[in-house]
>>> print(open('run.txt').read())   # compact mmCIF, C-alpha atoms
# COMPACT_ATOMS: atom_id res chain seq x y z
CA MET B 32 90.39 8.28 -19.94
CA HIS B 33 91.97 10.78 -17.70
CA THR B 34 95.00 9.85 -15.73
CA ASP B 35 95.96 11.08 -12.29
CA ALA B 36 98.48 13.46 -13.85
CA ASP B 37 95.74 15.00 -16.04
CA MET B 38 93.52 15.46 -12.98
CA GLN B 39 96.36 17.06 -11.02
CA ASN B 40 97.04 19.48 -13.89
CA ALA B 41 93.35 20.39 -14.12
CA ILE B 42 93.20 21.05 -10.39
CA ARG B 43 96.30 23.29 -10.51
CA ALA B 44 94.83 25.25 -13.42
CA LEU B 45 91.60 25.82 -11.47
CA GLU B 46 93.50 26.88 -8.36
CA GLU B 47 95.50 29.41 -10.37
CA ALA B 48 92.38 30.79 -12.06
CA LEU B 49 90.60 31.06 -8.73
CA GLY B 50 93.65 32.75 -7.14
CA ASP B 51 93.82 35.27 -9.97
CA PHE B 52 90.12 36.00 -9.63
CA VAL B 53 90.37 36.54 -5.88
CA LEU B 54 93.38 38.81 -6.25
CA SER B 55 91.79 40.85 -9.05
CA ALA B 56 88.43 41.34 -7.29
CA PRO B 57 88.22 44.60 -5.40
CA SER B 58 88.03 43.99 -1.67
CA PRO B 59 85.35 45.95 0.16
CA THR B 60 86.44 48.57 2.59
CA PRO B 61 85.56 48.03 6.24
CA SER B 62 82.98 50.82 6.10
CA GLU B 63 81.23 49.25 3.07
CA THR B 64 81.13 45.87 4.82
CA ALA B 65 79.69 47.39 8.01
CA GLU B 66 77.04 49.27 6.03
CA GLU B 67 76.02 46.13 4.14
CA GLU B 68 75.85 44.16 7.37
CA GLU B 69 73.76 46.88 9.01
CA ASP B 70 71.37 47.02 6.04
CA ARG B 71 71.01 43.23 6.05
CA PHE B 72 70.47 43.25 9.83
CA GLN B 73 67.76 45.93 9.53
CA GLN B 74 66.06 43.95 6.75
CA ILE B 75 66.04 40.75 8.85
CA LEU B 76 64.80 42.68 11.90
CA LYS B 77 61.96 44.22 9.88
CA GLU B 78 60.92 40.79 8.56
CA GLN B 79 60.87 39.37 12.10
CA GLN B 80 58.78 42.27 13.39
CA GLU B 81 56.26 41.76 10.59
CA LYS B 82 55.97 38.10 11.55
CA ARG B 83 55.34 39.05 15.18
CA ASP B 84 52.70 41.64 14.37
CA PRO B 85 49.92 40.95 16.93
CA LYS B 86 47.24 41.54 14.34
CA LYS B 87 48.68 38.80 12.13
CA ALA B 88 49.68 36.40 14.94
CA LEU B 89 46.23 35.72 16.41
CA PRO B 90 43.47 34.20 14.32
CA ARG B 91 40.19 36.01 14.19
CA PHE B 92 37.63 34.45 16.49
CA PHE B 93 35.08 37.22 16.89
CA PHE B 94 32.94 38.51 14.07
CA LYS B 95 30.57 41.38 14.69
CA LYS B 96 26.96 40.68 13.96
CA SER B 97 25.15 42.74 11.39
CA ALA B 98 23.89 46.05 12.71
CA ASP B 99 20.19 45.22 12.49
CA PRO B 100 19.17 41.59 11.95
CA GLY B 101 15.54 42.76 11.82
CA ASP B 102 16.10 44.04 8.29
CA ASN B 103 15.87 40.51 6.90
CA PRO B 104 12.66 38.77 8.05
CA VAL B 105 13.77 35.40 6.63
CA SER B 106 16.98 35.50 8.65
CA THR B 107 15.08 36.49 11.78
CA ALA B 108 12.54 33.70 11.35
CA LEU B 109 15.23 31.12 10.63
CA THR B 110 17.22 32.16 13.70
CA ALA B 111 14.16 32.01 15.94
CA ALA B 112 13.10 28.60 14.58
CA SER B 113 16.55 27.06 14.90
CA TYR B 114 16.97 28.43 18.42
CA GLU B 115 13.57 27.08 19.43
CA GLN B 116 14.49 23.66 18.04
CA PHE B 117 17.80 23.77 19.91
CA LEU B 118 16.02 24.58 23.19
CA GLU B 119 13.53 21.79 22.59
CA HIS B 120 16.35 19.31 22.01
CA GLN B 121 18.17 20.47 25.15
CA THR B 122 14.96 20.23 27.19
CA ASP B 123 14.47 16.67 25.98
CA GLN B 124 17.95 15.84 27.29
CA LEU B 125 17.03 16.93 30.82
CA LEU B 126 16.44 14.07 33.21
CA THR B 127 13.16 13.88 35.07
CA ASN B 128 12.87 13.00 38.74
CA GLU B 129 11.52 9.58 37.78
CA GLU B 130 14.56 8.90 35.57
CA LEU B 131 16.88 9.99 38.36
CA ASP B 132 15.05 7.67 40.78
CA VAL B 133 15.44 4.76 38.34
CA LEU B 134 19.13 5.58 38.00
CA TRP B 135 19.61 5.63 41.78
CA ASP B 136 17.74 2.35 42.23
CA LEU B 137 19.82 0.61 39.52
CA LEU B 138 23.07 1.96 40.97
CA CYS B 139 22.10 0.71 44.45
CA GLU B 140 21.03 -2.65 43.04
CA GLN B 141 24.38 -3.19 41.25
CA SER B 142 26.58 -1.76 44.00
CA SER B 143 28.21 -3.40 46.98
CA ASP B 144 26.18 -3.80 50.14
CA GLY B 145 26.28 -1.07 52.74
CA ASP B 146 24.50 2.12 53.62
CA ASP B 147 23.89 4.73 50.91
CA GLU B 148 27.03 6.73 51.72
CA ASN B 149 29.38 3.74 51.59
CA ARG B 150 28.03 1.96 48.52
CA LYS B 151 30.59 1.39 45.77
CA ILE B 152 30.35 0.10 42.22
CA SER B 153 32.81 -1.64 39.92
CA PHE B 154 33.30 -0.82 36.27
CA VAL B 155 31.65 -4.09 35.23
CA ASN B 156 28.53 -3.25 37.25
CA PHE B 157 28.76 0.33 35.95
CA GLU B 158 28.50 -1.07 32.41
CA ILE B 159 25.56 -3.32 33.43
CA VAL B 160 23.68 -0.28 34.76
CA SER B 161 24.47 1.57 31.52
CA SER B 162 22.95 -1.22 29.43
CA MET B 163 19.73 -1.08 31.47
CA LEU B 164 19.18 2.66 31.00
CA PRO B 165 17.65 4.65 28.13
CA PRO B 166 20.05 6.34 25.66
CA LYS B 167 19.76 9.81 27.16
CA LEU B 168 21.19 8.52 30.44
CA GLN B 169 24.01 6.59 28.80
CA VAL B 170 25.89 9.81 28.13
CA PHE B 171 26.98 9.67 31.79
CA PHE B 172 28.20 6.07 31.55
CA LYS B 173 31.50 6.33 29.73
CA ALA B 174 34.80 4.83 30.79
CA SER B 175 36.32 8.31 30.96
CA THR B 176 33.59 9.39 33.39
CA PHE B 177 34.24 6.34 35.58
CA LEU B 178 37.96 7.15 35.65
CA HIS B 179 37.33 10.70 36.90
CA PHE B 180 36.40 9.33 40.29
CA ALA B 181 38.84 8.17 42.95
CA GLN B 182 38.96 4.38 43.06
CA ASP B 183 39.71 2.25 46.07
CA GLU B 184 42.17 -0.65 46.05
CA ASP B 185 39.54 -2.90 44.41
CA GLY B 186 38.81 -0.43 41.58
CA LEU B 187 35.43 0.63 42.97
CA ILE B 188 34.03 4.16 42.93
CA PRO B 189 31.51 5.63 45.39
CA VAL B 190 27.95 5.45 44.06
CA LEU B 191 26.91 8.60 45.90
CA GLN B 192 29.70 10.67 44.31
CA PHE B 193 28.76 9.45 40.83
CA PHE B 194 25.07 10.16 41.42
CA ASN B 195 25.89 13.67 42.70
CA TYR B 196 27.98 14.20 39.54
CA VAL B 197 24.94 13.32 37.40
CA LEU B 198 22.74 15.64 39.47
CA ARG B 199 25.20 18.53 39.06
CA LYS B 200 25.37 18.01 35.29
CA VAL B 201 21.57 18.00 35.05
CA SER B 202 21.33 21.10 37.26
CA LEU B 203 23.89 22.90 35.12
CA LEU B 204 21.94 22.13 31.94
CA GLN B 205 18.73 23.29 33.61
CA ALA B 206 20.38 26.55 34.69
CA ARG B 207 21.67 27.16 31.16
CA LEU B 208 18.22 26.60 29.73
CA ASP B 209 16.66 28.93 32.32
CA MET B 210 19.21 31.64 31.55
CA SER B 211 18.68 31.26 27.80
CA ALA B 212 15.28 32.89 28.28
CA TYR B 213 17.21 36.14 28.78
CA ASP B 214 19.22 35.74 25.57
CA ASN B 215 17.17 38.06 23.38
CA ASP B 216 19.27 37.85 20.23
CA HIS B 217 19.85 34.06 20.50
CA ASP B 218 23.63 34.25 20.17
CA GLY B 219 24.46 32.41 23.39
CA PHE B 220 25.59 35.53 25.25
CA LEU B 221 23.75 37.50 27.90
CA THR B 222 23.89 41.26 27.51
CA GLU B 223 22.68 44.19 29.56
CA ASP B 224 19.99 45.12 27.06
>>> encode(input="run.txt", output="structure tokens")
Amino acid sequence: MHTDADMQNAIRALEEALGDFVLSAPSPTPSETAEEEEDRFQQILKEQQEKRDPKKALPRFFFKKSADPGDNPVSTALTAASYEQFLEHQTDQLLTNEELDVLWDLLCEQSSDGDDENRKISFVNFEIVSSMLPPKLQVFFKASTFLHFAQDEDGLIPVLQFFNYVLRKVSLLQARLDMSAYDNDHDGFLTED
């Protein structure tokens, strides 16, 4: 085992060896140190600029379409068929006037008494109306949708505001479908061509 005296001697020997090494090593001149620091600074600066390169910083989100999609008839047919199926699905999601009338009647039936402008509905009754409606109308009956509307002190929302919200959503979908007739290349963007 090593004693404290042995450890002290070993430490002194290391200190002397380290001191001799430091004294024997050539010390850099101030100009060499400044040049090395400048080179290192320039290297770090260059690395930082490469990281901030705008071309590398933003992910690519736009890919140009092929020059002429008409060259491949299979691709053209597949695009047209899938777009037609998409439009058919979106058209099926549109609410008819009869469905909107049923929605209004159920909302009025489950709401508080009063004239049409002052009717209010609670979340519990909102959920009851949701359970009575077909699935394509239930998309409007989520808790998050209910919470978008200003509630009174009893937690009720105005029926008329909610119904107008549904009407606006349906009108927006109808407008998108009407405008899609002008989307010749079926990419979801309208162009001047």
>>> atom_distance(input="run.txt", atom1="atom CA of B:Phe171", atom2="atom CA of B:Leu131")
12.1 Å
>>> closest_atom_pairs(input="run.txt", of="stretch 132-207 of chain B", to="stretch 102-119 of chain B", cutoff="12 Å", atoms="only C-alpha atoms", output="JSON lines")
{"residue": "B:Leu204", "atom": "CA", "partner": "B:Leu118", "partner_atom": "CA", "distance": 10.8}
{"residue": "B:Gln205", "atom": "CA", "partner": "B:Leu118", "partner_atom": "CA", "distance": 10.8}
{"residue": "B:Arg207", "atom": "CA", "partner": "B:Leu118", "partner_atom": "CA", "distance": 10.1}
>>> atom_distance(input="run.txt", atom1="atom CA of B:Ile159", atom2="atom CA of B:Leu138")
9.5 Å
>>> residues_around(input="run.txt", residues="B:Leu125", least_positions_apart="2", cutoff="8 Å", atoms="only C-alpha atoms", output="list of chain:residue names")
B:Gln121, B:Thr122, B:Asp123, B:Thr127, B:Val201, B:Leu204, B:Gln205
>>> atom_distance(input="run.txt", atom1="atom CA of B:Leu203", atom2="atom CA of B:Val155")
28.1 Å
>>> closest_atom_pairs(input="run.txt", of="stretch 70-169 of chain B", to="stretch 191-200 of chain B", cutoff="10 Å", atoms="all atoms listed in the file", output="Markdown table")
| residue | atom | partner | partner_atom | distance |
| --- | --- | --- | --- | --- |
| B:Leu125 | CA | B:Lys200 | CA | 9.5 |
| B:Leu126 | CA | B:Leu198 | CA | 9.0 |
| B:Leu131 | CA | B:Leu198 | CA | 8.2 |
| B:Leu134 | CA | B:Phe194 | CA | 8.2 |
| B:Trp135 | CA | B:Phe194 | CA | 7.1 |
| B:Leu138 | CA | B:Phe194 | CA | 8.5 |
| B:Cys139 | CA | B:Leu191 | CA | 9.4 |
| B:Asp147 | CA | B:Leu191 | CA | 7.0 |
| B:Glu148 | CA | B:Leu191 | CA | 6.1 |
| B:Asn149 | CA | B:Leu191 | CA | 7.9 |
| B:Arg150 | CA | B:Leu191 | CA | 7.2 |
| B:Lys151 | CA | B:Leu191 | CA | 8.1 |
| B:Ile152 | CA | B:Phe193 | CA | 9.6 |
| B:Leu168 | CA | B:Val197 | CA | 9.2 |
>>> axis_aligned_box(input="run.txt", around="stretch 195-214 of chain B", padding_each_side="3 Å", output="JSON")
{"center_x": 21.6, "center_y": 24.7, "center_z": 34.1, "size_x": 18.7, "size_y": 28.8, "size_z": 23.1}
>>> build_atoms(input="run.txt", residues="stretch 35-46 of chain B", atoms="all heavy atoms", output="tab-separated table (two decimals), in the coordinates of the input")
chain	number	residue	atom	x	y	z
B	35	ASP	N	95.79	10.28	-13.52
B	35	ASP	CA	95.96	11.08	-12.29
B	35	ASP	C	96.74	12.35	-12.60
B	35	ASP	O	96.47	13.41	-12.01
B	35	ASP	CB	96.71	10.27	-11.23
B	35	ASP	CG	95.80	9.21	-10.60
B	35	ASP	OD1	94.57	9.39	-10.67
B	35	ASP	OD2	96.33	8.22	-10.05
B	36	ALA	N	97.68	12.29	-13.50
B	36	ALA	CA	98.48	13.46	-13.85
B	36	ALA	C	97.59	14.51	-14.51
B	36	ALA	O	97.73	15.71	-14.24
B	36	ALA	CB	99.64	13.06	-14.77
B	37	ASP	N	96.66	14.06	-15.39
B	37	ASP	CA	95.74	15.00	-16.04
B	37	ASP	C	94.84	15.68	-15.00
B	37	ASP	O	94.57	16.88	-15.09
B	37	ASP	CB	94.87	14.26	-17.06
B	37	ASP	CG	95.67	13.78	-18.27
B	37	ASP	OD1	96.75	14.36	-18.54
B	37	ASP	OD2	95.19	12.83	-18.93
B	38	MET	N	94.39	14.91	-14.03
B	38	MET	CA	93.52	15.46	-12.98
B	38	MET	C	94.28	16.47	-12.13
B	38	MET	O	93.74	17.52	-11.79
B	38	MET	CB	93.00	14.33	-12.08
B	38	MET	CG	92.01	13.40	-12.78
B	38	MET	SD	90.56	14.28	-13.29
B	38	MET	CE	89.56	14.06	-11.88
B	39	GLN	N	95.54	16.16	-11.82
B	39	GLN	CA	96.36	17.06	-11.02
B	39	GLN	C	96.58	18.37	-11.77
B	39	GLN	O	96.51	19.45	-11.17
B	39	GLN	CB	97.72	16.40	-10.70
B	39	GLN	CG	97.64	15.22	-9.75
B	39	GLN	CD	97.23	15.64	-8.35
B	39	GLN	OE1	97.42	16.79	-7.95
B	39	GLN	NE2	96.64	14.72	-7.61
B	40	ASN	N	96.84	18.28	-13.08
B	40	ASN	CA	97.04	19.48	-13.89
B	40	ASN	C	95.77	20.32	-13.94
B	40	ASN	O	95.82	21.56	-13.88
B	40	ASN	CB	97.49	19.11	-15.30
B	40	ASN	CG	98.91	18.54	-15.33
B	40	ASN	OD1	99.71	18.84	-14.43
B	40	ASN	ND2	99.22	17.75	-16.35
B	41	ALA	N	94.63	19.67	-14.07
B	41	ALA	CA	93.35	20.39	-14.12
B	41	ALA	C	93.08	21.10	-12.80
B	41	ALA	O	92.63	22.25	-12.78
B	41	ALA	CB	92.22	19.43	-14.45
B	42	ILE	N	93.42	20.45	-11.71
B	42	ILE	CA	93.20	21.05	-10.39
B	42	ILE	C	94.11	22.26	-10.21
B	42	ILE	O	93.67	23.31	-9.70
B	42	ILE	CB	93.42	20.01	-9.27
B	42	ILE	CG1	92.30	18.96	-9.30
B	42	ILE	CG2	93.48	20.66	-7.90
B	42	ILE	CD1	92.49	17.80	-8.36
B	43	ARG	N	95.37	22.16	-10.62
B	43	ARG	CA	96.30	23.29	-10.51
B	43	ARG	C	95.82	24.47	-11.34
B	43	ARG	O	95.92	25.62	-10.91
B	43	ARG	CB	97.69	22.87	-10.96
B	43	ARG	CG	98.44	22.12	-9.90
B	43	ARG	CD	99.92	21.95	-10.27
B	43	ARG	NE	100.42	20.79	-9.58
B	43	ARG	CZ	100.79	19.64	-10.13
B	43	ARG	NH1	100.78	19.51	-11.42
B	43	ARG	NH2	101.20	18.65	-9.39
B	44	ALA	N	95.31	24.18	-12.55
B	44	ALA	CA	94.83	25.25	-13.42
B	44	ALA	C	93.64	25.96	-12.77
B	44	ALA	O	93.54	27.20	-12.81
B	44	ALA	CB	94.45	24.68	-14.78
B	45	LEU	N	92.75	25.21	-12.17
B	45	LEU	CA	91.60	25.82	-11.47
B	45	LEU	C	92.04	26.63	-10.28
B	45	LEU	O	91.51	27.73	-10.02
B	45	LEU	CB	90.61	24.73	-11.03
B	45	LEU	CG	89.74	24.11	-12.13
B	45	LEU	CD1	88.95	22.94	-11.58
B	45	LEU	CD2	88.80	25.15	-12.69
B	46	GLU	N	93.00	26.15	-9.52
B	46	GLU	CA	93.50	26.88	-8.36
B	46	GLU	C	94.11	28.21	-8.79
B	46	GLU	O	93.91	29.24	-8.15
B	46	GLU	CB	94.51	26.05	-7.59
B	46	GLU	CG	93.90	24.91	-6.81
B	46	GLU	CD	94.95	24.02	-6.13
B	46	GLU	OE1	96.17	24.13	-6.45
B	46	GLU	OE2	94.55	23.22	-5.28
